[in-house]
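Next up, work.pdb (PDB, C-alpha atoms, pLDDT in the B column):
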ATOM      1  CA  MET R   1      20.175  16.526 -11.491  1.00 84.00           C
ATOM      2  CA  ASN R   2      17.856  18.353  -9.134  1.00 94.00           C
ATOM      3  CA  PRO R   3      16.582  16.350  -6.140  1.00 96.00           C
ATOM      4  CA  THR R   4      13.057  14.933  -6.390  1.00 97.00           C
ATOM      5  CA  ALA R   5      10.281  14.666  -3.814  1.00 97.00           C
ATOM      6  CA  ILE R   6       6.775  13.313  -3.280  1.00 97.00           C
ATOM      7  CA  VAL R   7       4.333  15.049  -0.931  1.00 97.00           C
ATOM      8  CA  ALA R   8       1.721  12.756   0.650  1.00 96.00           C
ATOM      9  CA  GLU R   9      -0.899  14.521   2.760  1.00 93.00           C
ATOM     10  CA  ASP R  10      -4.641  13.851   2.845  1.00 88.00           C
ATOM     11  CA  GLU R  11      -5.610  17.456   3.642  1.00 87.00           C
ATOM     12  CA  ALA R  12      -5.651  19.156   0.220  1.00 88.00           C
ATOM     13  CA  THR R  13      -5.134  22.697   1.553  1.00 89.00           C
ATOM     14  CA  LEU R  14      -2.220  21.663   3.739  1.00 91.00           C
ATOM     15  CA  ARG R  15      -0.677  19.676   0.878  1.00 93.00           C
ATOM     16  CA  GLN R  16      -0.892  22.667  -1.444  1.00 94.00           C
ATOM     17  CA  GLN R  17       0.592  24.925   1.227  1.00 94.00           C
ATOM     18  CA  LEU R  18       3.517  22.570   1.766  1.00 96.00           C
ATOM     19  CA  VAL R  19       4.242  22.297  -1.978  1.00 96.00           C
ATOM     20  CA  GLU R  20       4.110  26.087  -2.389  1.00 96.00           C
ATOM     21  CA  GLN R  21       6.407  26.734   0.570  1.00 96.00           C
ATOM     22  CA  LEU R  22       8.877  24.130  -0.664  1.00 97.00           C
ATOM     23  CA  GLY R  23       8.892  25.896  -4.032  1.00 96.00           C
ATOM     24  CA  GLN R  24       9.783  29.153  -2.326  1.00 96.00           C
ATOM     25  CA  LEU R  25      12.389  27.779   0.076  1.00 96.00           C
ATOM     26  CA  TRP R  26      13.959  25.240  -2.282  1.00 97.00           C
ATOM     27  CA  PRO R  27      13.337  26.165  -5.937  1.00 97.00           C
ATOM     28  CA  GLU R  28      15.694  23.402  -7.130  1.00 97.00           C
ATOM     29  CA  LEU R  29      13.575  20.697  -5.513  1.00 97.00           C
ATOM     30  CA  ASN R  30      11.366  18.943  -8.054  1.00 97.00           C
ATOM     31  CA  VAL R  31       8.076  17.797  -6.482  1.00 97.00           C
ATOM     32  CA  VAL R  32       7.346  15.036  -8.989  1.00 97.00           C
ATOM     33  CA  ALA R  33       4.014  13.901  -7.530  1.00 97.00           C
ATOM     34  CA  GLU R  34       1.436  14.454  -4.805  1.00 96.00           C
ATOM     35  CA  ALA R  35      -0.690  11.868  -3.004  1.00 94.00           C
ATOM     36  CA  ALA R  36      -3.887  12.228  -0.992  1.00 89.00           C
ATOM     37  CA  ASP R  37      -3.698   8.785   0.639  1.00 87.00           C
ATOM     38  CA  GLY R  38      -1.219   6.086   1.571  1.00 88.00           C
ATOM     39  CA  ILE R  39      -2.029   3.683  -1.270  1.00 85.00           C
ATOM     40  CA  ALA R  40      -1.378   6.412  -3.858  1.00 88.00           C
ATOM     41  CA  ALA R  41       1.862   7.270  -2.051  1.00 92.00           C
ATOM     42  CA  LEU R  42       3.016   3.643  -2.296  1.00 91.00           C
ATOM     43  CA  ARG R  43       2.289   3.551  -6.025  1.00 89.00           C
ATOM     44  CA  LEU R  44       4.097   6.835  -6.615  1.00 93.00           C
ATOM     45  CA  LEU R  45       7.071   5.680  -4.531  1.00 93.00           C
ATOM     46  CA  GLY R  46       7.554   2.706  -6.829  1.00 89.00           C
ATOM     47  CA  GLU R  47       7.017   4.784  -9.944  1.00 91.00           C
ATOM     48  CA  HIS R  48       9.254   7.775  -9.176  1.00 94.00           C
ATOM     49  CA  ARG R  49      11.758   6.546  -6.543  1.00 93.00           C
ATOM     50  CA  PRO R  50      12.115  10.062  -5.091  1.00 97.00           C
ATOM     51  CA  ASP R  51      15.034  11.360  -3.094  1.00 97.00           C
ATOM     52  CA  ILE R  52      12.692  12.696  -0.408  1.00 97.00           C
ATOM     53  CA  LEU R  53       9.256  11.755   0.920  1.00 96.00           C
ATOM     54  CA  PHE R  54       7.108  14.208   2.866  1.00 96.00           C
ATOM     55  CA  LEU R  55       4.618  11.922   4.650  1.00 94.00           C
ATOM     56  CA  ASP R  56       1.605  12.657   6.780  1.00 91.00           C
ATOM     57  CA  ILE R  57       1.694  10.091   9.579  1.00 86.00           C
ATOM     58  CA  GLN R  58      -2.093   9.561   9.580  1.00 83.00           C
ATOM     59  CA  MET R  59      -3.456   8.898   6.077  1.00 84.00           C
ATOM     60  CA  PRO R  60      -6.281   6.723   4.755  1.00 79.00           C
ATOM     61  CA  GLY R  61      -5.382   3.548   2.876  1.00 76.00           C
ATOM     62  CA  ALA R  62      -1.918   3.232   4.422  1.00 81.00           C
ATOM     63  CA  THR R  63      -0.305   5.301   7.150  1.00 85.00           C
ATOM     64  CA  GLY R  64       2.830   7.350   6.681  1.00 89.00           C
ATOM     65  CA  LEU R  65       4.639   4.786   8.825  1.00 87.00           C
ATOM     66  CA  GLU R  66       3.656   1.998   6.430  1.00 87.00           C
ATOM     67  CA  VAL R  67       4.824   4.022   3.429  1.00 91.00           C
ATOM     68  CA  ALA R  68       8.077   4.829   5.224  1.00 91.00           C
ATOM     69  CA  ARG R  69       8.691   1.113   5.786  1.00 89.00           C
ATOM     70  CA  GLN R  70       8.499   0.573   2.035  1.00 90.00           C
ATOM     71  CA  ALA R  71      10.866   3.525   1.463  1.00 92.00           C
ATOM     72  CA  ASN R  72      13.348   2.259   4.058  1.00 90.00           C
ATOM     73  CA  GLY R  73      16.882   3.022   2.857  1.00 89.00           C
ATOM     74  CA  ARG R  74      15.600   4.238  -0.544  1.00 92.00           C
ATOM     75  CA  SER R  75      14.346   7.766   0.198  1.00 95.00           C
ATOM     76  CA  ARG R  76      14.841  10.338   2.915  1.00 95.00           C
ATOM     77  CA  VAL R  77      11.699  10.743   5.009  1.00 93.00           C
ATOM     78  CA  VAL R  78      10.153  13.871   6.499  1.00 93.00           C
ATOM     79  CA  PHE R  79       7.033  13.298   8.581  1.00 91.00           C
ATOM     80  CA  VAL R  80       4.247  15.858   8.595  1.00 89.00           C
ATOM     81  CA  THR R  81       2.496  15.534  11.931  1.00 82.00           C
ATOM     82  CA  ALA R  82       0.354  17.332  14.471  1.00 75.00           C
ATOM     83  CA  TYR R  83       1.885  15.287  17.280  1.00 64.00           C
ATOM     84  CA  ASP R  84       5.173  16.692  18.486  1.00 60.00           C
ATOM     85  CA  GLU R  85       5.824  13.820  20.902  1.00 59.00           C
ATOM     86  CA  HIS R  86       5.797  11.278  18.051  1.00 54.00           C
ATOM     87  CA  ALA R  87       8.267  13.205  15.935  1.00 55.00           C
ATOM     88  CA  VAL R  88      10.839  14.412  18.428  1.00 62.00           C
ATOM     89  CA  THR R  89      11.964  10.947  19.528  1.00 59.00           C
ATOM     90  CA  ALA R  90      12.662   9.903  15.955  1.00 59.00           C
ATOM     91  CA  PHE R  91      14.270  13.203  15.040  1.00 64.00           C
ATOM     92  CA  GLU R  92      16.732  12.858  17.922  1.00 61.00           C
ATOM     93  CA  GLN R  93      18.034   9.690  16.276  1.00 61.00           C
ATOM     94  CA  GLY R  94      18.899  11.717  13.172  1.00 67.00           C
ATOM     95  CA  ALA R  95      17.364   9.400  10.581  1.00 71.00           C
ATOM     96  CA  VAL R  96      14.274  11.458   9.785  1.00 80.00           C
ATOM     97  CA  ASP R  97      13.055  15.025  10.091  1.00 86.00           C
ATOM     98  CA  TYR R  98       9.586  16.360  10.761  1.00 85.00           C
ATOM     99  CA  VAL R  99       7.304  19.312  10.108  1.00 87.00           C
ATOM    100  CA  LEU R 100       4.540  20.146  12.551  1.00 84.00           C
ATOM    101  CA  LYS R 101       0.995  21.108  11.592  1.00 83.00           C
ATOM    102  CA  PRO R 102       0.174  23.936  11.040  1.00 85.00           C
ATOM    103  CA  ILE R 103       3.248  24.330   8.879  1.00 89.00           C
ATOM    104  CA  SER R 104       5.715  27.002   9.929  1.00 89.00           C
ATOM    105  CA  ALA R 105       7.927  28.474   7.203  1.00 91.00           C
ATOM    106  CA  ALA R 106      10.761  28.836   9.738  1.00 91.00           C
ATOM    107  CA  ARG R 107      10.564  25.155  10.750  1.00 89.00           C
ATOM    108  CA  LEU R 108      10.311  24.045   7.141  1.00 94.00           C
ATOM    109  CA  PHE R 109      13.395  26.140   6.319  1.00 95.00           C
ATOM    110  CA  THR R 110      15.304  24.240   9.034  1.00 92.00           C
ATOM    111  CA  THR R 111      14.154  20.932   7.533  1.00 92.00           C
ATOM    112  CA  VAL R 112      15.165  22.013   4.022  1.00 95.00           C
ATOM    113  CA  THR R 113      18.599  23.075   5.254  1.00 95.00           C
ATOM    114  CA  ARG R 114      19.185  19.705   6.917  1.00 91.00           C
ATOM    115  CA  LEU R 115      17.989  17.819   3.852  1.00 94.00           C
ATOM    116  CA  LYS R 116      20.394  19.733   1.601  1.00 94.00           C
ATOM    117  CA  GLU R 117      23.272  18.878   3.927  1.00 92.00           C
ATOM    118  CA  ARG R 118      22.429  15.162   3.912  1.00 90.00           C
ATOM    119  CA  LEU R 119      21.585  14.580   0.257  1.00 90.00           C
ATOM    120  CA  GLY R 120      25.163  13.645  -0.532  1.00 87.00           C
ATOM    121  CA  SER R 121      24.920  10.525   1.633  1.00 91.00           C
ATOM    122  CA  PRO R 122      22.657   7.469   1.129  1.00 91.00           C
ATOM    123  CA  PRO R 123      19.257   7.523   2.860  1.00 92.00           C
ATOM    124  CA  PRO R 124      19.521   5.939   6.307  1.00 88.00           C
ATOM    125  CA  ARG R 125      17.809   2.762   7.423  1.00 87.00           C
ATOM    126  CA  LEU R 126      14.709   3.427   9.537  1.00 85.00           C
ATOM    127  CA  ASP R 127      14.371   0.086  11.332  1.00 82.00           C
ATOM    128  CA  ALA R 128      15.116   1.569  14.759  1.00 76.00           C
ATOM    129  CA  VAL R 129      13.310   4.840  14.103  1.00 78.00           C
ATOM    130  CA  LEU R 130       9.811   3.806  13.052  1.00 79.00           C
ATOM    131  CA  PRO R 131       8.938   1.928  16.274  1.00 75.00           C
ATOM    132  CA  ALA R 132       9.927   5.056  18.215  1.00 70.00           C
ATOM    133  CA  ILE R 133       7.430   7.202  16.296  1.00 72.00           C
ATOM    134  CA  GLY R 134       4.444   5.005  16.918  1.00 63.00           C
ATOM    135  CA  PRO R 135       3.550   1.604  18.302  1.00 53.00           C
ATOM    136  CA  ALA R 136       4.232  -1.446  16.214  1.00 44.00           C
ATOM    137  CA  THR R 137       1.583  -1.857  13.556  1.00 46.00           C
ATOM    138  CA  PRO R 138      -1.007  -4.347  14.801  1.00 46.00           C
ATOM    139  CA  LYS R 139      -1.725  -7.356  12.651  1.00 51.00           C
ATOM    140  CA  ASN R 140      -3.966  -6.008   9.925  1.00 71.00           C
ATOM    141  CA  TRP R 141      -5.469  -7.842   7.000  1.00 83.00           C
ATOM    142  CA  LEU R 142      -3.570  -7.530   3.746  1.00 87.00           C
ATOM    143  CA  ARG R 143      -4.576  -4.365   1.852  1.00 88.00           C
ATOM    144  CA  TRP R 144      -2.362  -4.448  -1.229  1.00 90.00           C
ATOM    145  CA  ILE R 145       0.058  -6.706  -3.056  1.00 91.00           C
ATOM    146  CA  ASN R 146       2.954  -6.249  -5.474  1.00 89.00           C
ATOM    147  CA  ALA R 147       2.340  -8.445  -8.516  1.00 89.00           C
ATOM    148  CA  SER R 148       4.156  -9.072 -11.797  1.00 82.00           C
ATOM    149  CA  VAL R 149       2.372  -8.027 -14.981  1.00 80.00           C
ATOM    150  CA  GLY R 150       4.692  -9.030 -17.829  1.00 80.00           C
ATOM    151  CA  GLN R 151       8.025  -7.371 -17.062  1.00 79.00           C
ATOM    152  CA  ASN R 152       6.430  -4.755 -14.811  1.00 82.00           C
ATOM    153  CA  LEU R 153       5.646  -4.727 -11.104  1.00 83.00           C
ATOM    154  CA  ARG R 154       2.191  -3.401 -10.222  1.00 87.00           C
ATOM    155  CA  LEU R 155       0.692  -2.482  -6.858  1.00 90.00           C
ATOM    156  CA  ILE R 156      -2.862  -3.872  -6.631  1.00 93.00           C
ATOM    157  CA  THR R 157      -5.246  -3.190  -3.757  1.00 93.00           C
ATOM    158  CA  VAL R 158      -7.153  -6.223  -2.517  1.00 94.00           C
ATOM    159  CA  ASP R 159     -10.457  -4.475  -3.272  1.00 94.00           C
ATOM    160  CA  GLU R 160      -9.587  -4.635  -6.991  1.00 95.00           C
ATOM    161  CA  ILE R 161      -9.024  -8.394  -6.912  1.00 97.00           C
ATOM    162  CA  VAL R 162     -11.828 -10.659  -8.139  1.00 97.00           C
ATOM    163  CA  TYR R 163     -10.148 -13.920  -7.187  1.00 97.00           C
ATOM    164  CA  PHE R 164      -6.840 -15.686  -6.485  1.00 97.00           C
ATOM    165  CA  GLN R 165      -6.020 -19.031  -8.060  1.00 96.00           C
ATOM    166  CA  ALA R 166      -3.046 -21.324  -7.485  1.00 94.00           C
ATOM    167  CA  ASP R 167      -0.983 -21.881 -10.652  1.00 88.00           C
ATOM    168  CA  ASN R 168       2.017 -24.215 -10.180  1.00 83.00           C
ATOM    169  CA  LYS R 169       4.675 -22.216  -8.289  1.00 84.00           C
ATOM    170  CA  TYR R 170       2.696 -18.989  -8.648  1.00 91.00           C
ATOM    171  CA  THR R 171      -0.669 -17.585  -7.649  1.00 95.00           C
ATOM    172  CA  ARG R 172      -2.786 -15.848 -10.288  1.00 95.00           C
ATOM    173  CA  VAL R 173      -4.226 -12.518  -9.210  1.00 96.00           C
ATOM    174  CA  VAL R 174      -7.313 -11.812 -11.315  1.00 96.00           C
ATOM    175  CA  THR R 175      -8.950  -8.381 -11.508  1.00 96.00           C
ATOM    176  CA  ALA R 176     -11.751  -7.110 -13.720  1.00 94.00           C
ATOM    177  CA  GLU R 177      -9.114  -5.644 -16.061  1.00 91.00           C
ATOM    178  CA  GLY R 178      -6.626  -8.501 -16.295  1.00 92.00           C
ATOM    179  CA  GLU R 179      -4.271 -10.873 -14.512  1.00 93.00           C
ATOM    180  CA  ALA R 180      -0.967 -10.795 -12.653  1.00 92.00           C
ATOM    181  CA  LEU R 181       1.253 -13.302 -10.873  1.00 92.00           C
ATOM    182  CA  ILE R 182       2.734 -13.479  -7.393  1.00 93.00           C
ATOM    183  CA  ARG R 183       4.998 -16.102  -5.831  1.00 90.00           C
ATOM    184  CA  LYS R 184       3.155 -16.213  -2.509  1.00 90.00           C
ATOM    185  CA  PRO R 185       1.242 -19.511  -2.123  1.00 91.00           C
ATOM    186  CA  LEU R 186      -2.525 -19.495  -1.670  1.00 91.00           C
ATOM    187  CA  LYS R 187      -2.259 -21.034   1.801  1.00 87.00           C
ATOM    188  CA  GLU R 188      -0.134 -18.118   2.996  1.00 88.00           C
ATOM    189  CA  LEU R 189      -2.494 -15.588   1.389  1.00 90.00           C
ATOM    190  CA  ALA R 190      -5.439 -17.186   3.184  1.00 87.00           C
ATOM    191  CA  GLU R 191      -3.823 -16.320   6.520  1.00 82.00           C
ATOM    192  CA  GLU R 192      -3.285 -12.674   5.526  1.00 88.00           C
ATOM    193  CA  LEU R 193      -6.643 -11.854   3.890  1.00 89.00           C
ATOM    194  CA  ASP R 194      -9.803 -10.800   5.708  1.00 86.00           C
ATOM    195  CA  PRO R 195     -11.949 -13.976   5.794  1.00 82.00           C
ATOM    196  CA  ASN R 196     -15.069 -11.821   5.612  1.00 79.00           C
ATOM    197  CA  GLN R 197     -13.861 -10.395   2.281  1.00 89.00           C
ATOM    198  CA  PHE R 198     -12.226 -13.445   0.669  1.00 93.00           C
ATOM    199  CA  TRP R 199     -13.737 -16.905   0.773  1.00 92.00           C
ATOM    200  CA  GLN R 200     -11.868 -20.052  -0.097  1.00 92.00           C
ATOM    201  CA  ILE R 201     -14.193 -21.969  -2.428  1.00 94.00           C
ATOM    202  CA  HIS R 202     -11.732 -24.599  -3.641  1.00 94.00           C
ATOM    203  CA  ARG R 203      -8.315 -25.765  -2.517  1.00 91.00           C
ATOM    204  CA  SER R 204      -6.866 -23.705  -5.379  1.00 95.00           C
ATOM    205  CA  THR R 205      -9.252 -20.714  -5.422  1.00 97.00           C
ATOM    206  CA  MET R 206     -10.179 -17.769  -3.192  1.00 96.00           C
ATOM    207  CA  VAL R 207     -12.842 -15.311  -4.326  1.00 97.00           C
ATOM    208  CA  ASN R 208     -13.651 -11.737  -3.306  1.00 96.00           C
ATOM    209  CA  VAL R 209     -17.190 -11.902  -1.919  1.00 93.00           C
ATOM    210  CA  ALA R 210     -17.941  -8.441  -3.321  1.00 93.00           C
ATOM    211  CA  ALA R 211     -17.163  -9.760  -6.830  1.00 95.00           C
ATOM    212  CA  VAL R 212     -19.682 -12.618  -6.655  1.00 95.00           C
ATOM    213  CA  ALA R 213     -22.649 -11.999  -8.979  1.00 94.00           C
ATOM    214  CA  GLY R 214     -24.433 -15.222  -8.034  1.00 92.00           C
ATOM    215  CA  VAL R 215     -24.198 -18.997  -7.960  1.00 93.00           C
ATOM    216  CA  THR R 216     -25.510 -21.643 -10.315  1.00 93.00           C
ATOM    217  CA  ARG R 217     -25.212 -25.384 -10.998  1.00 91.00           C
ATOM    218  CA  ASP R 218     -23.595 -26.968 -14.025  1.00 89.00           C
ATOM    219  CA  PHE R 219     -24.984 -30.024 -15.832  1.00 87.00           C
ATOM    220  CA  ARG R 220     -23.222 -32.275 -13.321  1.00 87.00           C
ATOM    221  CA  GLY R 221     -24.884 -30.522 -10.406  1.00 88.00           C
ATOM    222  CA  ARG R 222     -21.672 -28.828  -9.241  1.00 90.00           C
ATOM    223  CA  MET R 223     -22.005 -25.363  -7.717  1.00 93.00           C
ATOM    224  CA  MET R 224     -20.407 -22.593  -9.803  1.00 95.00           C
ATOM    225  CA  VAL R 225     -19.764 -18.958  -8.908  1.00 95.00           C
ATOM    226  CA  LYS R 226     -20.667 -16.262 -11.422  1.00 95.00           C
ATOM    227  CA  LEU R 227     -18.506 -13.137 -11.247  1.00 96.00           C
ATOM    228  CA  LYS R 228     -18.964  -9.420 -11.733  1.00 94.00           C
ATOM    229  CA  GLY R 229     -16.789  -8.122 -14.557  1.00 91.00           C
ATOM    230  CA  ARG R 230     -15.486 -11.560 -15.608  1.00 95.00           C
ATOM    231  CA  ALA R 231     -16.978 -14.079 -18.041  1.00 94.00           C
ATOM    232  CA  GLU R 232     -15.590 -17.250 -16.453  1.00 96.00           C
ATOM    233  CA  THR R 233     -17.235 -19.154 -13.611  1.00 96.00           C
ATOM    234  CA  LEU R 234     -15.466 -20.728 -10.638  1.00 96.00           C
ATOM    235  CA  HIS R 235     -16.041 -24.226  -9.308  1.00 95.00           C
ATOM    236  CA  VAL R 236     -17.040 -24.524  -5.640  1.00 94.00           C
ATOM    237  CA  SER R 237     -15.851 -27.668  -3.869  1.00 92.00           C
ATOM    238  CA  ASP R 238     -18.510 -29.567  -1.916  1.00 87.00           C
ATOM    239  CA  SER R 239     -16.812 -28.695   1.375  1.00 84.00           C
ATOM    240  CA  TYR R 240     -17.348 -24.988   0.707  1.00 85.00           C
ATOM    241  CA  THR R 241     -20.920 -24.947  -0.652  1.00 86.00           C
ATOM    242  CA  HIS R 242     -22.266 -24.042   2.804  1.00 80.00           C
ATOM    243  CA  LEU R 243     -20.811 -20.539   2.354  1.00 81.00           C
ATOM    244  CA  PHE R 244     -23.446 -19.782  -0.265  1.00 81.00           C
ATOM    245  CA  ARG R 245     -26.542 -21.087   1.492  1.00 68.00           C
ATOM    246  CA  GLN R 246     -27.632 -17.551   2.380  1.00 55.00           C
ATOM    247  CA  MET R 247     -27.512 -16.521  -1.289  1.00 58.00           C
TER     248      MET R 247
END
What is this structure when it is put down as structure tokens?
Amino acid sequence: MNPTAIVAEDEATLRQQLVEQLGQLWPELNVVAEAADGIAALRLLGEHRPDILFLDIQMPGATGLEVARQANGRSRVVFVTAYDEHAVTAFEQGAVDYVLKPISAARLFTTVTRLKERLGSPPPRLDAVLPAIGPATPKNWLRWINASVGQNLRLITVDEIVYFQADNKYTRVVTAEGEALIRKPLKELAEELDPNQFWQIHRSTMVNVAAVAGVTRDFRGRMMVKLKGRAETLHVSDSYTHLFRQM
């Protein structure tokens, strides 16, 4: 079978140029998908499991370094970068290659030649390489999760999530379109989510503030949250009612 690749680059013109030059230099290479941001690249990585990833280091949603961490040992990585000093250190370790912006056909030919030579061996681990390319990723709030939907694994961005709710050994992940399950407990999620975006309103529930349509009281006088895109309401514990005083 012909080798497969994904090209992830947020500059549309540069992405098109790279795909066209790859087609000329390596006609057997099958570019199965293109991504304009890091979140799309992560989804496509899980969907296609390509042999090779061409990754812009700086992309919206998730950086090329974050995508490469997910591809560690699964795909060969080529970084597309404007910063020579970032790439050379990693390239000297032999685990990844790089292409500088603006793209040079001669440099890309060298990269293609090296990739062809290495395709017969498993993709290398990148644990020692990625810190050399850039500083360790600072602690950022969680931006996406991998959740089970039936027998399938789906990547869901936190912006899509209406609320989380503890459910025995699992946590329900509820979006406007449906539900999924993850094994991570709610307490652990609370430490990883932006507290300005997700409010804990009950010991078993966290809600996306952007998904709150309003608050009301039930016949017992308990505060309830009304949601955008969902018919159900969520109970607010007394200890969390202060969050909604400004509403």
Quick one: residues within 8 Å of segment 80-82 of chain R, only C-alpha atoms, excluding same-chain residues fewer than 2 positions away - as a PyMOL selection string?
chain R and resi 9+54-58+78+84+87+98-102
If I take atom CA of Gln151 of chain R and atom CA of Val173 of chain R, how far is one from the other in Å, to one decimal?
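Straight-line distance from atom CA of Gln151 of chain R to atom CA of Val173 of chain R works out to 15.4 Å.
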Between atom CA of Arg143 of chain R and atom CA of Asp194 of chain R, what is the distance in Å, rounded to a tenth?
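That distance, rounded to one decimal, is 9.1 Å.
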I need the residue set behind the PyMOL selection byres ((chain R and resi 153-170) around 7) for this file; please write it as a list in words.
Arg43, Arg143, Trp144, Ile145, Asn146, Ala147, Ser148, Val149, Gln151, Asn152, Thr171, Arg172, Val173, Val174, Thr175, Ala176, Leu181, Ile182, Arg183, Lys184, Pro185, Leu186, Ser204, Thr205, Met206, Val207, Asn208 and Ala211 of chain R
Best match for closeness to Asn2 of chain R among R:Gln16, R:Gln21, R:Thr113, R:Asn30, counting all atoms listed in the file:
R:Asn30
Hits from the PyMOL selection byres ((chain R and resi 126) around 10), listed as a PDB file with C-alpha atoms, in the coordinates of the input:
ATOM      1  CA  ALA R  68       8.077   4.829   5.224  1.00 91.00           C
ATOM      2  CA  ARG R  69       8.691   1.113   5.786  1.00 89.00           C
ATOM      3  CA  ALA R  71      10.866   3.525   1.463  1.00 92.00           C
ATOM      4  CA  ASN R  72      13.348   2.259   4.058  1.00 90.00           C
ATOM      5  CA  GLY R  73      16.882   3.022   2.857  1.00 89.00           C
ATOM      6  CA  ARG R  76      14.841  10.338   2.915  1.00 95.00           C
ATOM      7  CA  VAL R  77      11.699  10.743   5.009  1.00 93.00           C
ATOM      8  CA  ALA R  90      12.662   9.903  15.955  1.00 59.00           C
ATOM      9  CA  GLN R  93      18.034   9.690  16.276  1.00 61.00           C
ATOM     10  CA  GLY R  94      18.899  11.717  13.172  1.00 67.00           C
ATOM     11  CA  ALA R  95      17.364   9.400  10.581  1.00 71.00           C
ATOM     12  CA  VAL R  96      14.274  11.458   9.785  1.00 80.00           C
ATOM     13  CA  PRO R 123      19.257   7.523   2.860  1.00 92.00           C
ATOM     14  CA  PRO R 124      19.521   5.939   6.307  1.00 88.00           C
ATOM     15  CA  ARG R 125      17.809   2.762   7.423  1.00 87.00           C
ATOM     16  CA  ASP R 127      14.371   0.086  11.332  1.00 82.00           C
ATOM     17  CA  ALA R 128      15.116   1.569  14.759  1.00 76.00           C
ATOM     18  CA  VAL R 129      13.310   4.840  14.103  1.00 78.00           C
ATOM     19  CA  LEU R 130       9.811   3.806  13.052  1.00 79.00           C
ATOM     20  CA  PRO R 131       8.938   1.928  16.274  1.00 75.00           C
TER      21      PRO R 131
END
How far is it from atom CA of Leu18 of chain R to atom CA of Leu65 of chain R, in Å with one decimal?
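Straight-line distance from atom CA of Leu18 of chain R to atom CA of Leu65 of chain R works out to 19.2 Å.
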Written as an MDAnalysis selection string, what is the full residue list that the PyMOL selection byres ((chain R and resi 219-221) around 12) yields on the file shown?
chainID R and resid 215:218 222:224 235:238 241
Given the selection you just returned, output its residues as a file containing C-alpha atoms, formatted as a short mmCIF file (atom, residue, chain, number, x, y, z; two decimals), keeping the file's coordinate frame.
data_model
loop_
_atom_site.label_atom_id
_atom_site.label_comp_id
_atom_site.auth_asym_id
_atom_site.auth_seq_id
_atom_site.Cartn_x
_atom_site.Cartn_y
_atom_site.Cartn_z
CA VAL R 215 -24.20 -19.00 -7.96
CA THR R 216 -25.51 -21.64 -10.32
CA ARG R 217 -25.21 -25.38 -11.00
CA ASP R 218 -23.60 -26.97 -14.02
CA ARG R 222 -21.67 -28.83 -9.24
CA MET R 223 -22.00 -25.36 -7.72
CA MET R 224 -20.41 -22.59 -9.80
CA HIS R 235 -16.04 -24.23 -9.31
CA VAL R 236 -17.04 -24.52 -5.64
CA SER R 237 -15.85 -27.67 -3.87
CA ASP R 238 -18.51 -29.57 -1.92
CA THR R 241 -20.92 -24.95 -0.65
#
Looking at all atoms listed in the file, which of R:Ala35, R:His48, R:Phe244, R:Asp97 is the one that sits closest to Arg74 of chain R?
R:His48
Under the rule that all atoms listed in the file are counted, which of R:Gly178, R:Gly23, R:Gly229, R:Gly64 is the nearest residue to Phe109 of chain R?
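Residue with the minimum atom-to-atom distance to Phe109 of chain R: R:Gly23.
Using only C-alpha atoms, the protein and nucleic acid residues lying at most 6 Å from the point (7.1, 2.2, -1.5) are Leu42, Leu45, Gly46, Val67, Gln70 and Ala71 of chain R.
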Give me the residues near Thr4 of chain R as a PyMOL selection string, where near means some atom within 7 Å (using all atoms listed in the file) and where sequence neighbours in that chain fewer than 5 positions away do not count.
chain R and resi 29-32+50-52
Find the smallest box with edges along x, y and z containing every listed atom of segment 46-57 of chain R, then add 3 Å on each side and report centre and edge lengths in Å to one decimal, as AutoDock Vina command-line options.
--center_x 8.3 --center_y 8.5 --center_z -0.2 --size_x 19.4 --size_y 17.5 --size_z 25.5
